[in-house]
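The next block is upload-v1.cif, given as mmCIF, C-alpha atoms.
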data_protein
loop_
_atom_site.label_atom_id
_atom_site.label_comp_id
_atom_site.auth_asym_id
_atom_site.auth_seq_id
_atom_site.Cartn_x
_atom_site.Cartn_y
_atom_site.Cartn_z
CA MET A 1 78.38 21.40 35.45
CA SER A 2 81.61 19.86 34.27
CA VAL A 3 84.26 21.77 32.35
CA GLN A 4 83.48 19.64 29.28
CA GLU A 5 79.76 20.47 29.47
CA ARG A 6 80.54 24.18 29.81
CA LYS A 7 82.87 24.05 26.78
CA GLU A 8 80.24 22.23 24.73
CA ARG A 9 77.61 24.81 25.71
CA GLU A 10 79.96 27.68 24.82
CA ARG A 11 80.74 26.01 21.49
CA ALA A 12 77.02 25.67 20.70
CA VAL A 13 76.47 29.34 21.57
CA ARG A 14 79.33 30.39 19.25
CA GLU A 15 77.95 28.22 16.47
CA ARG A 16 74.48 29.76 16.79
CA LEU A 17 76.09 33.21 16.75
CA ILE A 18 77.98 32.42 13.55
CA VAL A 19 74.84 31.15 11.82
CA ALA A 20 72.70 34.07 13.03
CA THR A 21 75.32 36.58 11.94
CA ALA A 22 75.66 34.94 8.53
CA ARG A 23 71.88 35.08 8.08
CA GLU A 24 71.75 38.71 9.12
CA LEU A 25 74.59 39.70 6.81
CA ALA A 26 73.10 37.73 3.91
CA GLU A 27 69.64 39.25 4.41
CA ASP A 28 71.12 42.76 4.58
CA GLN A 29 73.77 42.57 1.86
CA GLY A 30 73.40 39.26 0.03
CA TRP A 31 75.39 36.05 0.26
CA ASP A 32 78.37 37.53 -1.59
CA ALA A 33 78.94 39.75 1.46
CA VAL A 34 79.21 36.72 3.74
CA THR A 35 82.89 35.92 4.09
CA THR A 36 84.74 34.24 6.93
CA ARG A 37 86.75 37.43 7.45
CA ARG A 38 83.61 39.55 7.76
CA LEU A 39 81.90 37.02 10.01
CA ALA A 40 84.96 36.82 12.26
CA GLU A 41 85.00 40.62 12.56
CA ARG A 42 81.28 40.81 13.33
CA ILE A 43 81.26 38.11 15.98
CA GLU A 44 84.59 39.26 17.38
CA TYR A 45 86.33 35.91 17.08
CA SER A 46 89.32 35.00 14.97
CA GLN A 47 88.94 33.22 11.67
CA PRO A 48 90.53 30.05 13.12
CA VAL A 49 87.73 29.96 15.71
CA LEU A 50 85.20 30.23 12.89
CA TYR A 51 86.95 27.41 11.03
CA SER A 52 86.82 25.27 14.15
CA HIS A 53 83.03 25.28 13.72
CA PHE A 54 82.65 25.33 9.94
CA ARG A 55 85.13 24.39 7.23
CA GLY A 56 84.00 27.34 5.15
CA LYS A 57 81.14 29.32 3.72
CA ARG A 58 79.56 26.25 2.13
CA GLU A 59 79.01 24.64 5.54
CA ILE A 60 77.65 27.91 6.94
CA ILE A 61 75.17 28.05 4.06
CA GLY A 62 74.21 24.45 4.86
CA ALA A 63 73.63 25.33 8.52
CA VAL A 64 71.44 28.28 7.49
CA ALA A 65 69.54 26.01 5.11
CA LEU A 66 68.83 23.45 7.84
CA GLU A 67 67.67 26.16 10.22
CA GLY A 68 65.51 27.62 7.46
CA ALA A 69 63.97 24.24 6.65
CA THR A 70 62.94 23.86 10.28
CA GLU A 71 61.40 27.33 10.24
CA MET A 72 59.65 26.74 6.93
CA ALA A 73 58.16 23.45 8.14
CA ALA A 74 56.82 25.20 11.24
CA ALA A 75 55.39 28.06 9.17
CA LEU A 76 53.68 25.67 6.75
CA ARG A 77 52.16 23.63 9.56
CA ALA A 78 51.03 26.74 11.44
CA SER A 79 49.37 28.13 8.32
CA THR A 80 47.35 24.99 7.72
CA SER A 81 46.45 24.12 11.30
CA ALA A 82 43.38 26.35 11.43
CA ALA A 83 42.30 25.82 7.83
CA GLU A 84 39.14 23.80 7.33
CA GLY A 85 38.90 21.50 4.36
CA PRO A 86 41.42 20.46 1.74
CA ARG A 87 41.06 23.54 -0.48
CA SER A 88 41.57 25.91 2.41
CA ARG A 89 44.59 23.94 3.64
CA VAL A 90 46.28 23.79 0.24
CA THR A 91 45.66 27.51 -0.35
CA ALA A 92 47.06 28.37 3.08
CA LEU A 93 50.05 26.13 2.41
CA ALA A 94 50.80 27.84 -0.92
CA ARG A 95 50.48 31.31 0.61
CA ALA A 96 52.72 30.39 3.54
CA TYR A 97 55.39 28.97 1.23
CA LEU A 98 55.43 32.07 -0.96
CA ASP A 99 55.41 34.35 2.09
CA PHE A 100 58.39 32.52 3.55
CA ALA A 101 60.33 32.84 0.28
CA GLU A 102 59.49 36.55 0.07
CA HIS A 103 60.28 37.46 3.68
CA HIS A 104 63.42 35.31 4.07
CA PRO A 105 65.17 35.56 0.69
CA ALA A 106 68.69 34.80 1.93
CA VAL A 107 67.49 31.77 3.89
CA TYR A 108 65.44 30.62 0.91
CA ASP A 109 68.51 30.95 -1.29
CA ALA A 110 70.55 28.93 1.20
CA MET A 111 67.89 26.23 1.12
CA PHE A 112 67.30 25.99 -2.62
CA ARG A 113 69.70 28.04 -4.72
CA LEU A 114 73.14 27.88 -3.11
CA ASP A 115 75.40 24.91 -2.50
CA GLY A 116 75.30 24.15 1.20
CA GLY A 117 76.66 20.65 0.74
CA LEU A 118 73.33 19.06 1.65
CA ALA A 119 71.83 16.02 -0.02
CA PHE A 120 68.25 16.30 -1.21
CA ALA A 121 66.01 13.35 -2.03
CA HIS A 122 68.48 10.77 -0.74
CA GLU A 123 68.63 8.42 2.20
CA ASP A 124 71.16 10.69 3.88
CA THR A 125 69.07 13.84 3.46
CA PRO A 126 69.18 15.71 6.78
CA GLU A 127 66.03 15.49 8.89
CA PRO A 128 65.10 19.20 8.70
CA LEU A 129 64.94 18.95 4.89
CA LYS A 130 62.86 15.78 5.07
CA ASP A 131 60.56 17.45 7.57
CA ALA A 132 60.04 20.52 5.35
CA PHE A 133 59.02 18.20 2.51
CA ALA A 134 56.79 16.27 4.91
CA ALA A 135 55.05 19.54 5.87
CA LEU A 136 54.11 19.93 2.21
CA LEU A 137 53.16 16.27 1.73
CA GLU A 138 50.93 16.21 4.83
CA ASN A 139 48.61 18.71 3.17
CA LEU A 140 48.90 17.60 -0.42
CA ASP A 141 48.54 13.83 -0.21
CA GLU A 142 44.76 14.00 -0.04
CA VAL A 143 44.48 16.23 -3.13
CA ALA A 144 46.89 14.41 -5.43
CA GLY A 145 44.11 12.65 -7.27
CA GLU A 146 43.32 9.03 -7.84
CA GLY A 147 46.23 6.99 -9.15
CA VAL A 148 48.74 9.79 -8.53
CA HIS A 149 51.60 9.11 -6.15
CA PRO A 150 51.31 11.72 -3.34
CA GLY A 151 55.08 12.22 -3.15
CA LEU A 152 55.34 12.84 -6.88
CA PHE A 153 52.39 15.23 -6.76
CA THR A 154 54.02 17.08 -3.86
CA GLU A 155 57.24 17.44 -5.86
CA VAL A 156 55.33 18.96 -8.80
CA PHE A 157 53.33 21.30 -6.56
CA TRP A 158 56.52 22.33 -4.75
CA ALA A 159 58.25 22.95 -8.08
CA ALA A 160 55.37 25.19 -9.13
CA LEU A 161 55.59 27.15 -5.86
CA HIS A 162 59.36 27.40 -6.18
CA GLY A 163 59.01 28.70 -9.73
CA LEU A 164 56.45 31.29 -8.66
CA ALA A 165 58.66 32.39 -5.78
CA GLY A 166 61.74 32.73 -7.96
CA LEU A 167 60.04 34.45 -10.87
CA THR A 168 58.23 36.89 -8.61
CA ARG A 169 61.41 37.72 -6.73
CA ALA A 170 63.30 38.25 -10.01
CA ARG A 171 60.48 40.61 -11.04
CA ARG A 172 59.58 38.41 -13.98
CA LEU A 173 56.03 38.16 -12.60
CA PRO A 174 54.14 41.11 -11.11
CA PRO A 175 53.72 40.60 -7.35
CA GLU A 176 50.20 42.04 -7.33
CA ASP A 177 48.94 38.91 -9.13
CA THR A 178 50.37 36.45 -6.60
CA GLU A 179 46.99 35.67 -5.04
CA ARG A 180 45.45 34.95 -8.44
CA ARG A 181 48.36 32.61 -9.23
CA VAL A 182 47.83 30.76 -5.96
CA GLU A 183 44.13 30.34 -6.74
CA LEU A 184 44.92 29.10 -10.25
CA LEU A 185 47.53 26.67 -8.94
CA VAL A 186 45.13 25.26 -6.35
CA ASP A 187 42.20 25.12 -8.79
CA ARG A 188 44.07 23.48 -11.67
CA LEU A 189 46.66 21.29 -10.02
CA ALA A 190 45.01 19.99 -6.86
CA ILE A 191 41.99 17.69 -7.17
CA ILE A 192 39.67 19.27 -4.63
#
Kindly return the structure encoded in the file as structure tokens.
Amino acid sequence: MSVQERKERERAVRERLIVATARELAEDQGWDAVTTRRLAERIEYSQPVLYSHFRGKREIIGAVALEGATEMAAALRASTSAAEGPRSRVTALARAYLDFAEHHPAVYDAMFRLDGGLAFAHEDTPEPLKDAFAALLENLDEVAGEGVHPGLFTEVFWAALHGLAGLTRARRLPPEDTERRVELLVDRLAII
């Protein structure tokens, strides 16, 4: 291995450590606790080293969001892979989405609430974000209904899930009724 290859590998390892540490700190204490000073202390590198990877917290949030999008896409696809029939797939998809939002709140915030400097719904949208949307679309296109654009239907269904996730997390909706909300969403919105 060349010196350059070793340096690139070490750089990638440091970058993964920064992102993992930011996620851990955000999950434990919230995103306000994630500062470059704190991250530098936790990973035992100087702040200039941190800045050699990311220009600031915004880029770190963006990196967490991209990682989260990849994980969410995998979770959505895994949840629907064994489901038989459109209704079962859409229900599994909705449950998996809400479970991801509940169990990874800091990552979910990085993806959808905080400014990570990422473009959504544009040509230059990063692939992990496009793939997370594709994981929704793959299971919703067949239930959009006649004459309804599958992408538009997916956006509306996603918005409903996002609203449920946010309102439940903010304790505006009682969590014990989540399953009933999923059933209502699937029954009323998807043409199955």
Shell around A:Phe54 at 12 Å using all atoms listed in the file, local window under 3 positions removed, as a list in words:
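That gives Arg11, Arg14, Glu15, Arg16, Ile18, Val19, Ala22, Thr36, Leu39, Ala40, Gln47, Pro48, Val49, Leu50, Tyr51, Lys57, Arg58, Glu59, Ile60, Ile61, Gly62, Ala63, Val64, Gly116 and Gly117 of chain A.
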| request: Report as a VMD selection string the full result of the PyMOL selection byres ((chain A and resi 90) around 12) when it is applied to this structure. | output: chain A and resid 76 to 77 79 to 89 91 to 97 135 to 144 154 157 to 158 161 182 to 187 189 to 192
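Around the point (52.7, 37.7, -7.7), within 12 Å and counting only C-alpha atoms, we find these residues: Arg95, Leu98, Asp99, Glu102, Leu161, Gly163, Leu164, Ala165, Gly166, Leu167, Thr168, Arg169, Ala170, Arg171, Arg172, Leu173, Pro174, Pro175, Glu176, Asp177, Thr178, Glu179, Arg180, Arg181, Val182, Glu183 and Leu184 of chain A.
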Could you please determine the separation between atom CA of A:Thr35 and atom CA of A:Ala65 in Å, to one decimal place?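 Separation of atom CA of A:Thr35 and atom CA of A:Ala65: 16.7 Å.
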Using only C-alpha atoms, can you tell me which of A:Pro105, A:Gly68, A:Gly56, A:Gly151 comes closest to A:Leu25?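 Among the listed residues, A:Pro105 lies closest to A:Leu25.
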Among A:Thr70, A:Ser52, A:Ser2, A:Thr21, A:Glu127 is approached most closely, using all atoms listed in the file, by A:Thr70
Judged by only C-alpha atoms, the minimum distance to A:Ala119 among A:Ala101, A:Leu17, A:Leu66, A:Val34 is found for A:Leu66
